[in-house]
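Student: Here you go, this is start18.cif (mmCIF, C-alpha atoms).
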```cif
data_run
#
loop_
_atom_site.label_atom_id
_atom_site.label_comp_id
_atom_site.auth_asym_id
_atom_site.auth_seq_id
_atom_site.Cartn_x
_atom_site.Cartn_y
_atom_site.Cartn_z
CA MET P 1 4.01 53.66 144.76
CA ARG P 2 6.61 54.97 147.14
CA LEU P 3 10.22 56.13 146.84
CA ARG P 4 12.73 53.93 148.60
CA ASP P 5 13.27 55.28 152.11
CA ASP P 6 16.96 54.43 152.13
CA LEU P 7 17.82 56.74 149.22
CA THR P 8 18.96 60.23 150.03
CA LEU P 9 18.76 63.33 147.91
CA ARG P 10 21.78 65.59 148.17
CA GLN P 11 22.41 68.93 146.62
CA ILE P 12 25.98 69.27 145.42
CA GLY P 13 26.71 72.65 143.95
CA ASN P 14 23.99 73.18 141.38
CA ASP P 15 23.29 69.51 140.95
CA TYR P 16 21.03 67.15 142.80
CA ILE P 17 22.04 63.58 143.18
CA VAL P 18 20.35 60.60 144.74
CA VAL P 19 22.80 58.33 146.48
CA ASP P 20 22.23 54.74 147.34
CA PRO P 21 23.83 53.96 150.68
CA SER P 22 22.97 50.31 150.82
CA GLN P 23 24.09 48.95 154.17
CA ASP P 24 27.70 49.92 154.75
CA MET P 25 28.42 50.72 151.16
CA VAL P 26 27.76 53.91 149.26
CA ASP P 27 27.78 53.44 145.53
CA MET P 28 28.93 56.67 143.94
CA SER P 29 29.80 54.94 140.71
CA LYS P 30 26.11 54.87 140.00
CA VAL P 31 24.30 57.98 141.07
CA TYR P 32 21.06 59.39 139.86
CA THR P 33 21.18 63.02 138.89
CA LEU P 34 18.08 65.13 139.09
CA ASN P 35 17.35 68.55 137.73
CA GLU P 36 15.66 71.13 139.89
CA THR P 37 12.09 70.19 139.01
CA ALA P 38 12.68 66.51 139.54
CA ALA P 39 14.52 67.22 142.80
CA TRP P 40 11.66 69.35 144.05
CA LEU P 41 9.17 66.63 143.17
CA TRP P 42 11.37 64.04 144.84
CA LYS P 43 11.29 66.01 148.11
CA GLU P 44 7.51 66.34 147.91
CA LEU P 45 7.00 62.64 147.28
CA LYS P 46 9.54 61.29 149.73
CA GLY P 47 8.18 59.36 152.68
CA GLN P 48 4.65 58.87 151.43
CA ASP P 49 2.62 56.69 149.15
CA PHE P 50 1.67 58.41 145.95
CA THR P 51 0.12 57.83 142.57
CA SER P 52 0.67 59.39 139.18
CA GLU P 53 -2.23 61.71 139.99
CA THR P 54 -0.42 62.97 143.08
CA MET P 55 2.52 63.88 140.87
CA VAL P 56 0.35 65.58 138.27
CA ASP P 57 -1.42 67.62 140.93
CA LEU P 58 1.83 68.69 142.56
CA LEU P 59 3.33 69.80 139.28
CA LYS P 60 0.22 71.67 138.21
CA GLU P 61 0.13 73.51 141.52
CA ARG P 62 3.67 74.69 141.08
CA TYR P 63 4.10 75.15 137.36
CA GLU P 64 1.88 76.57 134.69
CA VAL P 65 1.81 73.68 132.32
CA ASP P 66 -0.90 72.16 130.20
CA ASN P 67 -2.49 68.90 131.20
CA GLU P 68 -1.20 66.87 128.33
CA GLN P 69 2.41 67.85 128.88
CA VAL P 70 2.24 67.10 132.61
CA LEU P 71 0.71 63.70 132.02
CA LYS P 72 3.40 62.85 129.54
CA ASP P 73 6.22 64.04 131.84
CA VAL P 74 4.82 62.12 134.78
CA GLU P 75 4.46 59.00 132.72
CA ASN P 76 8.09 59.29 131.65
CA LEU P 77 9.27 59.91 135.15
CA VAL P 78 7.39 56.94 136.58
CA ALA P 79 8.91 54.76 133.88
CA ILE P 80 12.39 56.01 134.84
CA PHE P 81 11.68 55.48 138.55
CA LYS P 82 10.77 51.89 137.81
CA GLU P 83 13.67 51.31 135.48
CA GLN P 84 16.20 52.70 137.95
CA GLY P 85 14.78 50.79 140.88
CA VAL P 86 14.23 53.80 143.11
CA LEU P 87 10.73 52.68 144.09
CA GLN P 88 9.99 50.61 147.16
CA ASN P 89 9.02 47.04 146.40
CA GLN P 90 5.36 46.73 147.18
CA MET E 91 11.47 67.73 133.74
CA GLU E 92 13.81 64.82 133.76
CA ILE E 93 15.69 62.45 135.94
CA SER E 94 18.62 60.55 134.66
CA SER E 95 21.17 58.06 135.72
CA LYS E 96 24.63 58.46 134.39
CA LYS E 97 27.46 56.09 134.80
CA LYS E 98 29.95 58.87 134.83
CA ILE E 99 28.79 61.86 136.69
CA THR E 100 30.02 65.24 135.76
CA LEU E 101 29.92 67.00 139.08
CA ALA E 102 32.80 69.31 139.78
CA ASN E 103 35.62 67.17 141.06
CA ASN E 104 36.05 68.87 144.40
CA LEU E 105 32.34 68.64 145.19
CA PHE E 106 32.29 64.96 144.33
CA PHE E 107 35.19 64.25 146.67
CA GLU E 108 33.79 66.40 149.45
CA GLU E 109 30.65 64.29 149.26
CA LEU E 110 32.72 61.14 149.25
CA LYS E 111 34.58 62.30 152.36
CA VAL E 112 31.28 62.65 154.23
CA TYR E 113 30.70 58.91 153.88
CA LEU E 114 34.30 57.92 154.54
CA ASP E 115 34.24 59.96 157.74
CA LYS E 116 31.20 57.99 158.84
CA GLY E 117 33.22 54.82 158.36
CA GLN E 118 31.33 53.75 155.25
CA ARG E 119 32.83 52.18 152.18
CA VAL E 120 32.27 54.02 148.94
CA THR E 121 32.38 52.73 145.37
CA ILE E 122 33.66 55.09 142.70
CA ARG E 123 34.85 54.79 139.15
CA VAL E 124 38.49 55.22 138.23
CA ALA E 125 38.95 58.35 136.15
CA GLY E 126 42.00 58.63 133.96
CA ASN E 127 44.80 56.26 133.05
CA SER E 128 47.50 57.04 135.59
CA MET E 129 47.19 53.57 137.14
CA ASN E 130 47.51 51.64 133.87
CA PRO E 131 48.00 48.70 133.53
CA PHE E 132 46.81 47.76 137.03
CA LEU E 133 43.64 49.87 137.09
CA LYS E 134 42.01 51.28 134.01
CA HIS E 135 39.72 54.19 133.33
CA GLY E 136 36.16 53.13 134.14
CA ASP E 137 37.04 50.32 136.57
CA ARG E 138 35.10 50.42 139.81
CA VAL E 139 36.93 50.54 143.12
CA VAL E 140 35.58 50.12 146.62
CA LEU E 141 37.24 52.58 148.96
CA LYS E 142 37.57 51.92 152.68
CA PRO E 143 38.40 54.70 155.17
CA ILE E 144 42.13 54.56 155.84
CA GLU E 145 43.56 53.15 159.06
CA ASN E 146 47.20 53.23 160.11
CA ALA E 147 47.51 49.51 159.50
CA ASP E 148 46.55 50.07 155.84
CA LEU E 149 49.58 52.24 155.16
CA LYS E 150 51.74 49.57 153.59
CA LEU E 151 53.97 49.52 150.55
CA GLY E 152 52.20 48.71 147.31
CA ARG E 153 48.70 49.59 148.48
CA ILE E 154 46.57 51.81 146.24
CA VAL E 155 45.15 54.74 148.16
CA LEU E 156 43.05 57.82 147.59
CA ALA E 157 44.73 61.07 148.58
CA ASP E 158 43.78 64.71 148.62
CA THR E 159 46.81 66.55 147.33
CA GLU E 160 47.50 70.16 146.45
CA GLN E 161 47.35 69.11 142.81
CA GLY E 162 44.00 67.41 143.24
CA TYR E 163 42.63 64.02 144.16
CA ILE E 164 44.65 61.00 143.18
CA LEU E 165 44.31 57.25 143.39
CA HIS E 166 47.92 56.06 143.39
CA ARG E 167 50.18 53.41 144.88
CA ILE E 168 52.29 53.77 148.04
CA VAL E 169 55.94 53.43 147.03
CA LYS E 170 57.69 54.69 150.15
CA ILE E 171 56.74 55.14 153.78
CA MET E 172 58.65 57.47 156.07
CA ASP E 173 57.97 58.75 159.57
CA ASP E 174 56.12 61.80 158.44
CA GLU E 175 55.71 61.28 154.72
CA ILE E 176 54.05 58.86 152.37
CA TRP E 177 55.20 58.71 148.76
CA LEU E 178 52.77 57.76 146.05
CA ALA E 179 53.24 57.01 142.39
CA GLY E 180 50.84 56.38 139.55
CA ASP E 181 51.65 53.05 137.89
CA ALA E 182 51.54 54.59 134.43
CA ASN E 183 53.61 57.61 135.33
CA LEU E 184 57.27 57.55 134.35
CA GLN E 185 58.73 60.19 136.59
CA GLN E 186 56.29 61.76 138.97
CA ILE E 187 56.11 60.94 142.68
CA GLU E 188 53.73 62.56 145.11
CA ARG E 189 55.08 63.25 148.58
CA LEU E 190 52.29 63.57 151.08
CA LYS E 191 51.51 63.83 154.74
CA LYS E 192 49.67 60.89 156.25
CA GLU E 193 46.60 63.04 156.84
CA GLU E 194 46.26 63.60 153.11
CA VAL E 195 45.61 59.92 152.53
CA TRP E 196 41.88 59.33 152.93
CA ALA E 197 41.10 55.83 151.83
CA ILE E 198 42.51 52.56 150.59
CA VAL E 199 41.21 50.45 147.72
CA ALA E 200 39.56 47.44 149.33
CA GLU E 201 38.30 45.82 146.15
CA ALA E 202 38.25 46.57 142.45
CA PHE E 203 36.14 45.42 139.53
CA ASN E 204 36.16 45.75 135.78
CA ASP E 205 33.69 44.51 133.16
CA LYS E 206 34.98 40.98 133.53
CA GLY E 207 34.74 40.81 137.29
CA LYS E 208 36.95 41.22 140.29
CA ILE E 209 40.46 42.62 139.86
CA ASP E 210 43.19 41.35 142.11
CA VAL E 211 44.69 44.55 143.54
CA HIS E 212 46.58 43.77 146.72
CA SER E 213 47.69 40.17 146.52
CA PHE E 214 51.36 39.40 147.10
CA LEU E 215 51.82 38.68 143.41
CA THR E 216 50.14 41.83 142.15
CA ILE E 217 52.04 44.06 144.54
CA ASN E 218 55.31 42.45 143.50
CA ALA E 219 54.44 42.90 139.86
CA ALA E 220 53.57 46.52 140.57
CA PHE E 221 56.96 47.12 142.20
CA ILE E 222 58.84 45.51 139.35
CA TRP E 223 56.85 47.81 137.09
CA TYR E 224 57.75 50.77 139.32
CA TRP E 225 61.45 49.93 139.50
CA ALA E 226 61.45 49.54 135.74
CA ARG E 227 60.68 53.23 135.41
CA PRO E 228 64.12 54.08 133.93
CA VAL E 229 63.67 51.34 131.31
CA ARG E 230 60.10 52.45 130.64
CA ARG E 231 61.32 56.03 130.21
CA LEU E 232 63.90 54.80 127.73
CA LEU E 233 61.33 52.77 125.80
CA ASN E 234 59.00 55.71 125.84
CA TRP E 235 61.77 57.89 124.47
CA ILE E 236 62.61 55.38 121.72
CA LYS E 237 58.94 55.15 120.71
CA LYS E 238 58.97 58.87 120.05
#
```
Could you show the structure in this file as structure tokens?

Tutor:
Amino acid sequence: MRLRDDLTLRQIGNDYIVVDPSQDMVDMSKVYTLNETAAWLWKELKGQDFTSETMVDLLKERYEVDNEQVLKDVENLVAIFKEQGVLQNQ
Amino acid sequence: MEISSKKKITLANNLFFEELKVYLDKGQRVTIRVAGNSMNPFLKHGDRVVLKPIENADLKLGRIVLADTEQGYILHRIVKIMDDEIWLAGDANLQQIERLKKEEVWAIVAEAFNDKGKIDVHSFLTINAAFIWYWARPVRRLLNWIKK
């Protein structure tokens, strides 16, 4: 999978938001908010093809977390990515 | 770890509008949600409005504009235009008028939507209705006073 190239991650104060500037229109009535971990992961994944394993590896490199937890988190996140339509259509 | 999508975001107001200004300055249109009820009954809390960067030609009576005022950001209607001042009023407000410099007006509402679909904001009829509503302020104040 791959994150949509047209989305941009912006840090606003302590929050991270992903804005969707489709063509000439920026929709700020629907923004995705990310916490720090998710924002960090977003930056790492942006601009490349990745799999769930890529995400697991990245998280394990950076955080001391047990396998099971990471797998579960990644699974959730991928589901949210799909649901919110932030992934590139393959 | 989580990522979420919220309809209403809870960023600090000034940061939200600073971000919005970035896009307006680039000439882009930006959709936001109406917060608050000061434009009732013409725009309601939660309606979505498409904002277009302001041009001089947009500064006309009855238009709903976004302005950066000393009291904060407002989405109100132009009720008077002078050489160096623009006066705005919230449709729901009974008394208050905001007197601004042209530079404080950032954007105009190009389109608006609610749950049912498109809202007619700037047609001849709507603007006339809005002015009747505005001129009825003394009566509305009276009714408001009686209701109490």

Student: Let me know the centre plus edge lengths, in Å and rounded to one decimal, of a box with edges along x, y and z that contains all listed atoms of region 106-116 of chain E and is padded by 4 Å on every side, as lines of an AutoDock Vina configuration file.

Tutor:
```
center_x = 32.9
center_y = 62.2
center_z = 151.6
size_x = 12.5
size_y = 16.5
size_z = 22.5
```

Student: Using all atoms listed in the file, I'd like every residue of chain P that has an atom within 8 Å of chain E; please write them out as a list in words.

Tutor: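 Listed by rising number, the hits are Ile12, Gly13, Asp15, Asp24, Met25, Val26, Asp27, Met28, Ser29, Lys30, Val31, Tyr32, Thr33, Leu34, Asn35, Thr37, Ala38, Asp73, Leu77, Ile80 and Gln84 of chain P.
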
Student: Give as a ChimeraX atom specification the residues that the PyMOL selection byres ((chain P and resi 74) around 12) matches when applied to the coordinates above.

Tutor: /P:37-38,41,51-60,67-73,75-81 /E:91-93

Student: Hey, what's within 8 Å of region 8-10 of chain P if we count only C-alpha atoms and toss same-chain stuff fewer than 6 positions away? As a list in words, please?

Tutor: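 Final neighbour list, sorted by chain and number: Tyr16, Ile17, Val18, Val19, Asp20, Pro21, Ala39 and Lys43 of chain P.
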
Student: Within 9 Å of (39.0, 46.5, 143.4) (file coordinates; all atoms listed in the file), which protein or nucleic acid residues are there? I'd like them as a compact mmCIF listing (two decimals) with C-alpha atoms, in the coordinates of the input.

Tutor:
```
# COMPACT_ATOMS: atom_id res chain seq x y z
CA LEU E 133 43.64 49.87 137.09
CA ASP E 137 37.04 50.32 136.57
CA ARG E 138 35.10 50.42 139.81
CA VAL E 139 36.93 50.54 143.12
CA VAL E 140 35.58 50.12 146.62
CA LEU E 141 37.24 52.58 148.96
CA VAL E 199 41.21 50.45 147.72
CA ALA E 200 39.56 47.44 149.33
CA GLU E 201 38.30 45.82 146.15
CA ALA E 202 38.25 46.57 142.45
CA PHE E 203 36.14 45.42 139.53
CA ASN E 204 36.16 45.75 135.78
CA LYS E 208 36.95 41.22 140.29
CA ILE E 209 40.46 42.62 139.86
CA ASP E 210 43.19 41.35 142.11
CA VAL E 211 44.69 44.55 143.54
CA HIS E 212 46.58 43.77 146.72
```

Student: Can you measure CA of Met172 (chain E) to CA of Phe221 (chain E) for me? One decimal in Å is fine.

Tutor: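 These two atoms are separated by 17.4 Å.
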
Student: Between CA of Leu190 (chain E) and CA of Asp148 (chain E), what is the spacing in Å?

Tutor: 15.4 Å

Student: What would the list of residues within 9 Å of (53.1, 67.7, 150.6) (file frame) look like as an mmCIF file with C-alpha atoms, in the coordinates of the input, if all atoms listed in the file are what count?

Tutor:
```cif
data_model
loop_
_atom_site.group_PDB
_atom_site.id
_atom_site.type_symbol
_atom_site.label_atom_id
_atom_site.label_comp_id
_atom_site.auth_asym_id
_atom_site.auth_seq_id
_atom_site.Cartn_x
_atom_site.Cartn_y
_atom_site.Cartn_z
ATOM 1 C CA THR E 159 46.810 66.550 147.330
ATOM 2 C CA GLU E 160 47.500 70.160 146.450
ATOM 3 C CA GLU E 175 55.710 61.280 154.720
ATOM 4 C CA GLU E 188 53.730 62.560 145.110
ATOM 5 C CA ARG E 189 55.080 63.250 148.580
ATOM 6 C CA LEU E 190 52.290 63.570 151.080
ATOM 7 C CA LYS E 191 51.510 63.830 154.740
ATOM 8 C CA GLU E 194 46.260 63.600 153.110
#
```

Student: Let me know the residues the PyMOL selection byres ((chain E and resi 217) around 12) catches in the file above, as a ChimeraX atom specification.

Tutor: /E:132,150-154,167-169,181,210-216,218-224

Student: Could you write those residues out with C-alpha atoms, as a PDB file, in the frame of the given file?

Tutor:
```
ATOM      1  CA  PHE E 132      46.810  47.760 137.030  1.00  0.00           C
ATOM      2  CA  LYS E 150      51.740  49.570 153.590  1.00  0.00           C
ATOM      3  CA  LEU E 151      53.970  49.520 150.550  1.00  0.00           C
ATOM      4  CA  GLY E 152      52.200  48.710 147.310  1.00  0.00           C
ATOM      5  CA  ARG E 153      48.700  49.590 148.480  1.00  0.00           C
ATOM      6  CA  ILE E 154      46.570  51.810 146.240  1.00  0.00           C
ATOM      7  CA  ARG E 167      50.180  53.410 144.880  1.00  0.00           C
ATOM      8  CA  ILE E 168      52.290  53.770 148.040  1.00  0.00           C
ATOM      9  CA  VAL E 169      55.940  53.430 147.030  1.00  0.00           C
ATOM     10  CA  ASP E 181      51.650  53.050 137.890  1.00  0.00           C
ATOM     11  CA  ASP E 210      43.190  41.350 142.110  1.00  0.00           C
ATOM     12  CA  VAL E 211      44.690  44.550 143.540  1.00  0.00           C
ATOM     13  CA  HIS E 212      46.580  43.770 146.720  1.00  0.00           C
ATOM     14  CA  SER E 213      47.690  40.170 146.520  1.00  0.00           C
ATOM     15  CA  PHE E 214      51.360  39.400 147.100  1.00  0.00           C
ATOM     16  CA  LEU E 215      51.820  38.680 143.410  1.00  0.00           C
ATOM     17  CA  THR E 216      50.140  41.830 142.150  1.00  0.00           C
ATOM     18  CA  ASN E 218      55.310  42.450 143.500  1.00  0.00           C
ATOM     19  CA  ALA E 219      54.440  42.900 139.860  1.00  0.00           C
ATOM     20  CA  ALA E 220      53.570  46.520 140.570  1.00  0.00           C
ATOM     21  CA  PHE E 221      56.960  47.120 142.200  1.00  0.00           C
ATOM     22  CA  ILE E 222      58.840  45.510 139.350  1.00  0.00           C
ATOM     23  CA  TRP E 223      56.850  47.810 137.090  1.00  0.00           C
ATOM     24  CA  TYR E 224      57.750  50.770 139.320  1.00  0.00           C
TER      25      TYR E 224
END
```

Student: Go through E:Leu184, E:Met129, E:Leu156, E:Ile164 one by one, measure the shortest atom-to-atom distance of each to Ile144 (chain E) using all atoms listed in the file, and give the residue with the smallest value.

Tutor: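 With all atoms listed in the file as the atom set, the closest residue is E:Leu156.
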
Student: Would you mind reading off the distance between CA of Lys238 (chain E) and CA of Asn183 (chain E), one decimal, in Å?

Tutor: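 Atom-to-atom, CA of Lys238 (chain E) and CA of Asn183 (chain E) are spaced 16.2 Å apart.
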
Student: Please evaluate the PyMOL selection byres ((chain P and resi 87-89) around 12) against the displayed coordinates and give the resulting residues as a ChimeraX atom specification.

Tutor: /P:1-7,42,45-51,77-86,90
